[in-house]
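Raw contents of protein_11.cif, mmCIF, C-alpha atoms:
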```cif
data_coords
#
loop_
_atom_site.label_atom_id
_atom_site.label_comp_id
_atom_site.auth_asym_id
_atom_site.auth_seq_id
_atom_site.Cartn_x
_atom_site.Cartn_y
_atom_site.Cartn_z
CA MET A 14 -33.32 -21.22 -71.30
CA ALA A 15 -36.84 -22.09 -70.14
CA LEU A 16 -37.74 -18.66 -68.90
CA ASP A 17 -41.11 -18.57 -70.61
CA PRO A 18 -42.25 -22.14 -71.30
CA THR A 19 -45.71 -20.86 -72.19
CA GLY A 20 -44.18 -19.34 -75.34
CA LYS A 21 -46.59 -16.41 -75.19
CA GLY A 22 -43.86 -13.81 -75.63
CA ARG A 23 -44.79 -13.03 -79.20
CA GLU A 24 -48.54 -12.88 -78.70
CA ASN A 25 -50.20 -9.50 -78.84
CA HIS A 26 -51.20 -8.93 -75.26
CA ALA A 27 -54.32 -6.86 -74.56
CA LEU A 28 -52.57 -4.72 -71.94
CA ALA A 29 -49.59 -4.21 -74.26
CA LYS A 30 -52.01 -3.01 -76.94
CA LEU A 31 -53.74 -0.73 -74.47
CA LEU A 32 -50.48 0.82 -73.25
CA GLY A 33 -49.09 1.00 -76.77
CA CYS A 34 -45.90 -0.97 -76.08
CA SER A 35 -44.28 -3.82 -74.16
CA MET A 36 -43.47 -4.15 -70.48
CA ASP A 37 -39.69 -3.75 -70.97
CA THR A 38 -40.24 -0.54 -72.92
CA ILE A 39 -42.49 0.78 -70.15
CA LEU A 40 -39.88 -0.02 -67.48
CA PHE A 41 -37.05 1.63 -69.46
CA ALA A 42 -39.28 4.69 -69.96
CA LEU A 43 -40.05 4.73 -66.24
CA ILE A 44 -36.31 4.72 -65.46
CA LEU A 45 -35.89 7.66 -67.84
CA GLY A 46 -38.74 9.33 -65.94
CA VAL A 47 -36.87 8.84 -62.65
CA LEU A 48 -33.81 10.59 -64.12
CA LEU A 49 -35.97 13.47 -65.39
CA SER A 50 -37.72 13.78 -62.01
CA MET A 51 -34.31 14.39 -60.41
CA PHE A 52 -34.08 17.71 -62.28
CA ALA A 53 -37.05 18.97 -60.25
CA GLY A 54 -34.90 18.64 -57.13
CA ARG A 55 -37.54 17.17 -54.78
CA ARG A 56 -36.41 14.17 -52.76
CA GLY A 57 -39.74 12.47 -52.01
CA PRO A 58 -41.02 12.00 -55.58
CA VAL A 59 -37.57 10.84 -56.73
CA ILE A 60 -37.41 8.12 -54.06
CA ALA A 61 -41.01 7.08 -54.73
CA LEU A 62 -40.48 6.83 -58.51
CA PHE A 63 -37.17 5.03 -58.03
CA LEU A 64 -38.74 2.43 -55.75
CA ILE A 65 -41.66 1.95 -58.17
CA ALA A 66 -39.17 1.38 -61.02
CA LEU A 67 -37.10 -1.05 -58.91
CA ALA A 68 -40.20 -2.91 -57.70
CA GLY A 69 -41.49 -3.07 -61.29
CA THR A 70 -38.16 -4.50 -62.48
CA LEU A 71 -38.15 -7.15 -59.74
CA MET A 72 -41.80 -8.07 -60.38
CA TRP A 73 -41.06 -8.42 -64.08
CA PHE A 74 -38.12 -10.64 -63.13
CA ARG A 75 -40.49 -12.72 -60.99
CA TYR A 76 -42.82 -13.06 -64.00
CA HIS A 77 -39.94 -14.54 -66.02
CA VAL A 78 -39.00 -17.09 -63.36
CA THR A 79 -41.14 -20.06 -64.24
CA GLU A 80 -39.20 -23.09 -63.03
CA THR A 81 -36.99 -24.28 -60.19
CA LEU A 82 -33.25 -24.21 -60.80
CA PRO A 83 -31.76 -27.65 -61.55
CA LEU A 84 -29.48 -27.46 -58.52
CA ASN A 85 -29.13 -29.28 -55.23
CA PHE A 86 -27.48 -27.20 -52.52
CA MET B 6 -11.55 24.83 -49.48
CA PRO B 7 -13.56 22.84 -52.07
CA ARG B 8 -13.89 19.10 -51.53
CA THR B 9 -14.13 17.44 -54.91
CA LEU B 10 -13.13 13.76 -54.51
CA GLY B 11 -16.68 12.53 -53.78
CA PHE B 12 -18.00 14.69 -56.62
CA TRP B 13 -15.67 13.19 -59.22
CA LEU B 14 -16.09 9.66 -57.86
CA ALA B 15 -19.85 10.01 -58.44
CA HIS B 16 -19.10 10.94 -62.08
CA LEU B 17 -16.73 7.98 -62.36
CA CYS B 18 -19.43 5.59 -61.07
CA ILE B 19 -21.86 6.77 -63.75
CA LEU B 20 -19.21 6.60 -66.49
CA GLY B 21 -18.27 3.05 -65.44
CA ILE B 22 -21.88 1.86 -65.65
CA CYS B 23 -22.36 3.78 -68.94
CA ALA B 24 -19.32 1.96 -70.37
CA VAL B 25 -20.85 -1.42 -69.47
CA LEU B 26 -24.24 -0.41 -70.95
CA LEU B 27 -22.56 0.87 -74.13
CA GLY B 28 -20.75 -2.47 -74.35
CA ALA B 29 -24.10 -4.26 -74.10
CA LEU B 30 -25.54 -2.03 -76.88
CA GLY B 31 -22.39 -2.76 -78.92
CA VAL B 32 -22.92 -6.52 -78.53
CA GLN B 33 -26.54 -6.02 -79.63
CA PHE B 34 -26.01 -3.74 -82.63
CA ILE B 35 -22.44 -4.52 -83.79
CA GLN B 36 -22.24 -8.25 -83.09
CA GLY B 37 -25.97 -8.68 -83.80
CA GLU B 38 -26.66 -10.62 -80.60
CA PHE B 39 -30.21 -10.09 -79.33
CA PRO B 40 -30.62 -9.54 -75.57
CA CYS B 41 -32.74 -12.08 -73.67
CA PRO B 42 -35.43 -11.06 -71.11
CA LEU B 43 -32.99 -11.37 -68.19
CA CYS B 44 -30.35 -9.34 -70.08
CA LEU B 45 -32.85 -6.46 -70.41
CA LEU B 46 -33.68 -6.71 -66.71
CA GLN B 47 -29.98 -6.50 -65.82
CA ARG B 48 -29.64 -3.40 -68.00
CA MET B 49 -32.55 -1.84 -66.09
CA ALA B 50 -30.93 -2.62 -62.74
CA MET B 51 -27.62 -1.11 -63.94
CA MET B 52 -29.39 2.08 -64.99
CA LEU B 53 -31.06 2.24 -61.57
CA CYS B 54 -27.59 1.80 -59.98
CA ALA B 55 -26.34 4.80 -62.00
CA LEU B 56 -29.30 6.94 -60.89
CA GLY B 57 -27.94 7.03 -57.30
CA PRO B 58 -24.78 9.02 -58.11
CA ALA B 59 -26.80 10.97 -60.70
CA TYR B 60 -29.11 12.09 -57.86
CA VAL B 61 -26.09 13.30 -55.84
CA ILE B 62 -24.71 15.23 -58.83
CA LEU B 63 -28.09 16.76 -59.75
CA ARG B 64 -28.62 17.95 -56.14
CA LEU B 65 -25.65 20.28 -56.74
CA ARG B 66 -27.91 22.33 -59.00
CA GLN B 67 -29.63 23.58 -55.82
CA GLY B 68 -26.41 24.21 -53.86
CA ASP B 69 -24.28 22.03 -51.60
CA VAL B 70 -25.18 18.35 -51.16
CA THR B 71 -26.36 17.44 -47.64
CA PRO B 72 -25.39 14.15 -45.92
CA THR B 73 -29.03 13.08 -46.37
CA ASP B 74 -28.82 13.60 -50.15
CA TYR B 75 -25.54 11.71 -50.31
CA ALA B 76 -26.91 8.79 -48.26
CA THR B 77 -30.11 8.76 -50.33
CA GLY B 78 -28.18 8.56 -53.61
CA PHE B 79 -25.84 5.75 -52.66
CA GLY B 80 -28.53 3.95 -50.62
CA LEU B 81 -30.69 3.80 -53.75
CA SER B 82 -27.69 2.50 -55.72
CA ALA B 83 -27.09 -0.27 -53.16
CA LEU B 84 -30.77 -1.33 -53.36
CA ALA B 85 -30.64 -1.44 -57.17
CA GLY B 86 -27.35 -3.36 -56.99
CA LEU B 87 -28.94 -5.93 -54.71
CA GLY B 88 -31.91 -6.36 -57.08
CA GLY B 89 -29.58 -6.64 -60.07
CA ALA B 90 -27.40 -9.19 -58.29
CA PHE B 91 -30.47 -11.39 -57.73
CA ILE B 92 -31.30 -11.27 -61.45
CA SER B 93 -27.76 -11.96 -62.70
CA ALA B 94 -27.16 -14.69 -60.06
CA ARG B 95 -30.34 -16.40 -61.27
CA GLN B 96 -29.04 -16.34 -64.86
CA VAL B 97 -25.58 -17.59 -63.78
CA LEU B 98 -27.23 -20.48 -61.91
CA LEU B 99 -29.45 -21.29 -64.93
CA HIS B 100 -26.33 -22.01 -67.00
CA ILE B 101 -23.91 -23.23 -64.34
CA VAL B 102 -24.52 -26.97 -64.74
CA PRO B 103 -22.30 -28.61 -67.44
CA PRO B 104 -22.61 -29.22 -70.37
CA ASP B 105 -24.74 -26.03 -70.73
CA PRO B 106 -22.68 -23.72 -73.00
CA GLY B 107 -24.25 -20.56 -71.52
CA PHE B 108 -26.25 -17.85 -73.26
CA GLY B 109 -24.46 -15.78 -75.93
CA GLU B 110 -20.76 -15.44 -76.59
CA PRO B 111 -18.36 -15.00 -73.65
CA MET B 112 -16.40 -11.76 -73.39
CA PHE B 113 -12.90 -11.81 -71.79
CA GLY B 114 -13.63 -15.37 -70.66
CA LEU B 115 -16.93 -14.69 -68.91
CA HIS B 116 -20.51 -14.43 -70.13
CA LEU B 117 -22.19 -11.01 -69.97
CA TYR B 118 -24.50 -12.04 -67.09
CA THR B 119 -21.44 -13.11 -65.05
CA TRP B 120 -19.84 -9.72 -65.70
CA ALA B 121 -23.15 -8.15 -64.65
CA LEU B 122 -22.95 -9.99 -61.32
CA VAL B 123 -19.41 -8.60 -60.87
CA VAL B 124 -20.71 -5.09 -61.65
CA PHE B 125 -23.59 -5.38 -59.15
CA ALA B 126 -21.28 -6.69 -56.41
CA THR B 127 -18.93 -3.77 -57.12
CA VAL B 128 -21.83 -1.28 -56.95
CA ILE B 129 -22.94 -2.65 -53.57
CA GLY B 130 -19.37 -2.56 -52.22
CA MET B 131 -18.65 0.95 -53.54
CA SER B 132 -21.98 2.28 -52.23
CA GLY B 133 -21.11 0.88 -48.78
CA LEU B 134 -17.68 2.53 -48.89
CA PHE B 135 -19.16 5.87 -50.01
CA LEU B 136 -21.65 5.74 -47.12
CA VAL B 137 -18.92 4.82 -44.58
CA PHE B 138 -16.72 7.72 -45.77
CA ASN B 139 -19.69 10.06 -46.18
CA ALA B 140 -18.06 12.77 -44.02
CA GLU B 141 -14.86 12.79 -46.09
CA LEU B 142 -16.46 12.39 -49.53
CA LEU B 143 -19.40 14.81 -49.23
CA PRO B 144 -18.86 17.35 -52.06
CA ARG B 145 -18.29 20.93 -50.87
CA GLY B 146 -17.79 24.10 -52.89
CA VAL B 147 -18.35 22.44 -56.28
CA ARG B 148 -21.01 23.35 -58.81
CA PHE B 149 -23.00 21.53 -61.50
CA GLY B 150 -20.93 22.39 -64.59
CA TRP B 151 -20.42 21.09 -68.13
CA PRO B 152 -18.69 17.80 -67.11
CA SER B 153 -21.74 16.97 -65.00
CA ARG B 154 -24.11 17.93 -67.85
CA LEU B 155 -22.10 15.69 -70.19
CA VAL B 156 -22.18 12.67 -67.88
CA ILE B 157 -25.89 13.02 -67.02
CA GLY B 158 -26.65 13.61 -70.72
CA LEU B 159 -24.75 10.44 -71.66
CA LEU B 160 -26.71 8.42 -69.08
CA GLY B 161 -30.01 9.90 -70.35
CA ALA B 162 -29.06 9.12 -73.97
CA ILE B 163 -28.23 5.49 -73.11
CA ILE B 164 -31.54 5.04 -71.27
CA LEU B 165 -33.41 6.57 -74.23
CA ALA B 166 -31.52 4.28 -76.65
CA ASN B 167 -32.66 1.30 -74.58
CA VAL B 168 -36.29 2.51 -74.61
CA LEU B 169 -36.17 2.61 -78.42
CA ALA B 170 -34.24 -0.67 -78.77
CA ALA B 171 -36.66 -2.50 -76.46
CA PHE B 172 -39.64 -1.10 -78.38
CA ALA B 173 -38.08 -2.21 -81.69
CA GLN B 174 -37.37 -5.66 -80.28
CA GLU B 175 -40.82 -6.21 -78.77
CA GLY B 176 -43.21 -3.93 -80.61
CA LEU B 177 -46.72 -4.33 -79.21
CA HIS B 178 -45.96 -7.70 -77.66
CA TRP B 179 -46.04 -8.15 -73.92
CA SER B 180 -42.50 -9.56 -73.68
CA ILE B 181 -39.72 -11.09 -75.74
CA PRO B 182 -39.22 -14.85 -76.13
CA ASP B 183 -36.51 -16.70 -74.20
CA GLU B 184 -34.13 -16.70 -77.16
CA PRO B 185 -35.00 -13.68 -79.31
CA ASP B 186 -33.86 -13.65 -82.93
CA ARG B 187 -35.51 -10.60 -84.55
CA TYR B 188 -36.82 -7.05 -84.14
CA GLN B 189 -40.49 -7.89 -83.77
CA LEU B 190 -41.72 -4.33 -84.43
CA PHE B 191 -40.09 -4.27 -87.90
CA GLU B 192 -41.40 -7.79 -88.53
CA ASP B 193 -44.95 -6.70 -87.65
CA LEU B 194 -44.68 -3.59 -89.82
CA GLY B 195 -43.39 -5.66 -92.74
CA TRP B 196 -40.06 -3.74 -92.86
CA SER B 197 -37.96 -6.81 -92.13
CA LYS B 198 -36.35 -8.67 -95.06
CA THR B 199 -36.82 -11.96 -93.23
CA SER B 200 -40.59 -11.58 -92.97
CA PRO B 201 -42.53 -14.10 -95.05
#
```

What does this structure look like when you write it as structure tokens?
Amino acid sequence: MALDPTGKGRENHALAKLLGCSMDTILFALILGVLLSMFAGRRGPVIALFLIALAGTLMWFRYHVTETLPLNF
Amino acid sequence: MPRTLGFWLAHLCILGICAVLLGALGVQFIQGEFPCPLCLLQRMAMMLCALGPAYVILRLRQGDVTPTDYATGFGLSALAGLGGAFISARQVLLHIVPPDPGFGEPMFGLHLYTWALVVFATVIGMSGLFLVFNAELLPRGVRFGWPSRLVIGLLGAIILANVLAAFAQEGLHWSIPDEPDRYQLFEDLGWSKTSP
């Protein structure tokens, strides 16, 4: 699939060790945090957390994109 | 007179996305097919799509939903749908050139990432419709009851299940490989039968 040609997926990353888990786990937990923040009923923090989670997801997607698509439009 | 159509449609949106996410968990745990990095990202985007209607429903705990709340909820869903569509379109394009067989087994004739693109396009379209008919669909005179608790609880449980599944699949590693084939956490702890 050539998403991660560096093949470093299985290496123990220093930041992953520091945070105690992987980036996907952190993002899923952040999404759970957004849902929990909705119970507080305040609009601003919900929007802020939601946008952080969405931006994090898209940046993580960008990290996985490592090559140009084999297409000619 | 209570206006409930928009209220129940919000529940239906969450249930629809929960059904897709449960299907993905079923493929992972029943068929034993490991999700790839892009599959996990599409799950995240779907959960974010479901948080829009969840916001509208949870606002009912404080009283009636205002047009601002309604627009905020479905606006957030549309943004998440757009992000998710980018991710699934990228994966569709990765496998679109023959003779690439695609990633994983197809379901009802299409691969899961193609279904995900359909879901994200539907979310964007539905969010647009909900915003256009905001005045007609704004819930009035309804309260946050047990059906709402059940639906929000189901969504929360699915997100939590994904937190645990992702942790089991990746352990203390930064990310998963392109074509994952094991639960790395169990491998690292020596609990896996396949470990050397």

Proximal residues of chain B relative to chain A (all atoms listed in the file; 8 Å) as JSON, numbers by chain:
{"B": [42, 43, 45, 46, 49, 50, 52, 53, 56, 59, 60, 63, 64, 67, 81, 85, 88, 92, 98, 99, 102, 161, 164, 165, 167, 168, 169, 171, 172, 175, 176, 177, 178, 179, 180, 181, 182, 183, 184]}

Return as a CSV table (one decimal) with C-alpha atoms, in the frame of the given file the set of residues that the PyMOL selection byres ((chain B and resi 97) around 9) yields on the displayed structure.
```csv
chain,number,residue,atom,x,y,z
B,92,ILE,CA,-31.3,-11.3,-61.4
B,93,SER,CA,-27.8,-12.0,-62.7
B,94,ALA,CA,-27.2,-14.7,-60.1
B,95,ARG,CA,-30.3,-16.4,-61.3
B,96,GLN,CA,-29.0,-16.3,-64.9
B,98,LEU,CA,-27.2,-20.5,-61.9
B,99,LEU,CA,-29.4,-21.3,-64.9
B,100,HIS,CA,-26.3,-22.0,-67.0
B,101,ILE,CA,-23.9,-23.2,-64.3
B,107,GLY,CA,-24.2,-20.6,-71.5
B,116,HIS,CA,-20.5,-14.4,-70.1
B,118,TYR,CA,-24.5,-12.0,-67.1
B,119,THR,CA,-21.4,-13.1,-65.0
B,122,LEU,CA,-23.0,-10.0,-61.3
```

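In this model, the gap between CA of Tyr188 in chain B and CA of Ala170 in chain B comes to 8.7 Å.
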
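Take CA of Gly37 in chain B and CA of Gln174 in chain B: the distance between them is 12.3 Å.
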
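Proximity to Gly80 in chain B at 10 Å, evaluated using only C-alpha atoms and with sequence-adjacent residues fewer than 4 positions away removed, yields B:Cys54, B:Gly57, B:Pro58, B:Asp74, B:Tyr75, B:Ala76, B:Leu84, B:Ala85, B:Gly86, B:Ile129, B:Ser132, B:Gly133, B:Phe135, B:Leu136.
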
Rounded to one decimal in Å, what is the spacing between CA of Thr79 in chain A and CA of Glu38 in chain B?
23.8 Å

Using all atoms listed in the file, list the residues that have an atom at most 10 Å from (-24.3, 18.6, -64.4), coordinates as in the file, as a PDB file with C-alpha atoms, in the coordinates of the input.
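After the write, point_0.pdb holds the following:
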```pdb
ATOM      1  CA  HIS B  16     -19.100  10.940 -62.080  1.00  0.00           C
ATOM      2  CA  ALA B  59     -26.800  10.970 -60.700  1.00  0.00           C
ATOM      3  CA  ILE B  62     -24.710  15.230 -58.830  1.00  0.00           C
ATOM      4  CA  LEU B  63     -28.090  16.760 -59.750  1.00  0.00           C
ATOM      5  CA  ARG B  64     -28.620  17.950 -56.140  1.00  0.00           C
ATOM      6  CA  LEU B  65     -25.650  20.280 -56.740  1.00  0.00           C
ATOM      7  CA  ARG B  66     -27.910  22.330 -59.000  1.00  0.00           C
ATOM      8  CA  ARG B 148     -21.010  23.350 -58.810  1.00  0.00           C
ATOM      9  CA  PHE B 149     -23.000  21.530 -61.500  1.00  0.00           C
ATOM     10  CA  GLY B 150     -20.930  22.390 -64.590  1.00  0.00           C
ATOM     11  CA  TRP B 151     -20.420  21.090 -68.130  1.00  0.00           C
ATOM     12  CA  PRO B 152     -18.690  17.800 -67.110  1.00  0.00           C
ATOM     13  CA  SER B 153     -21.740  16.970 -65.000  1.00  0.00           C
ATOM     14  CA  ARG B 154     -24.110  17.930 -67.850  1.00  0.00           C
ATOM     15  CA  LEU B 155     -22.100  15.690 -70.190  1.00  0.00           C
ATOM     16  CA  VAL B 156     -22.180  12.670 -67.880  1.00  0.00           C
ATOM     17  CA  ILE B 157     -25.890  13.020 -67.020  1.00  0.00           C
ATOM     18  CA  GLY B 158     -26.650  13.610 -70.720  1.00  0.00           C
TER      19      GLY B 158
END
```

Result set, the PyMOL selection byres ((chain B and resi 26) around 10) on current file, as a compact mmCIF listing (two decimals) with C-alpha atoms, in the frame of the given file:
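Saved the output as result.txt:
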```
# COMPACT_ATOMS: atom_id res chain seq x y z
CA LEU B 20 -19.21 6.60 -66.49
CA GLY B 21 -18.27 3.05 -65.44
CA ILE B 22 -21.88 1.86 -65.65
CA CYS B 23 -22.36 3.78 -68.94
CA ALA B 24 -19.32 1.96 -70.37
CA VAL B 25 -20.85 -1.42 -69.47
CA LEU B 27 -22.56 0.87 -74.13
CA GLY B 28 -20.75 -2.47 -74.35
CA ALA B 29 -24.10 -4.26 -74.10
CA LEU B 30 -25.54 -2.03 -76.88
CA GLY B 31 -22.39 -2.76 -78.92
CA VAL B 32 -22.92 -6.52 -78.53
CA GLN B 47 -29.98 -6.50 -65.82
CA ARG B 48 -29.64 -3.40 -68.00
CA MET B 49 -32.55 -1.84 -66.09
CA MET B 51 -27.62 -1.11 -63.94
CA MET B 52 -29.39 2.08 -64.99
CA LEU B 160 -26.71 8.42 -69.08
CA ILE B 163 -28.23 5.49 -73.11
CA ILE B 164 -31.54 5.04 -71.27
CA ASN B 167 -32.66 1.30 -74.58
```

Taking all atoms of range 35-40 of chain B that the file lists and extending 6 Å past them on each side, where is the centre of the axis-aligned box and how long are its edges? Answer in Å to one decimal, as AutoDock Vina command-line options.
```
--center_x -26.4 --center_y -7.6 --center_z -79.7 --size_x 20.4 --size_y 18.1 --size_z 20.2
```
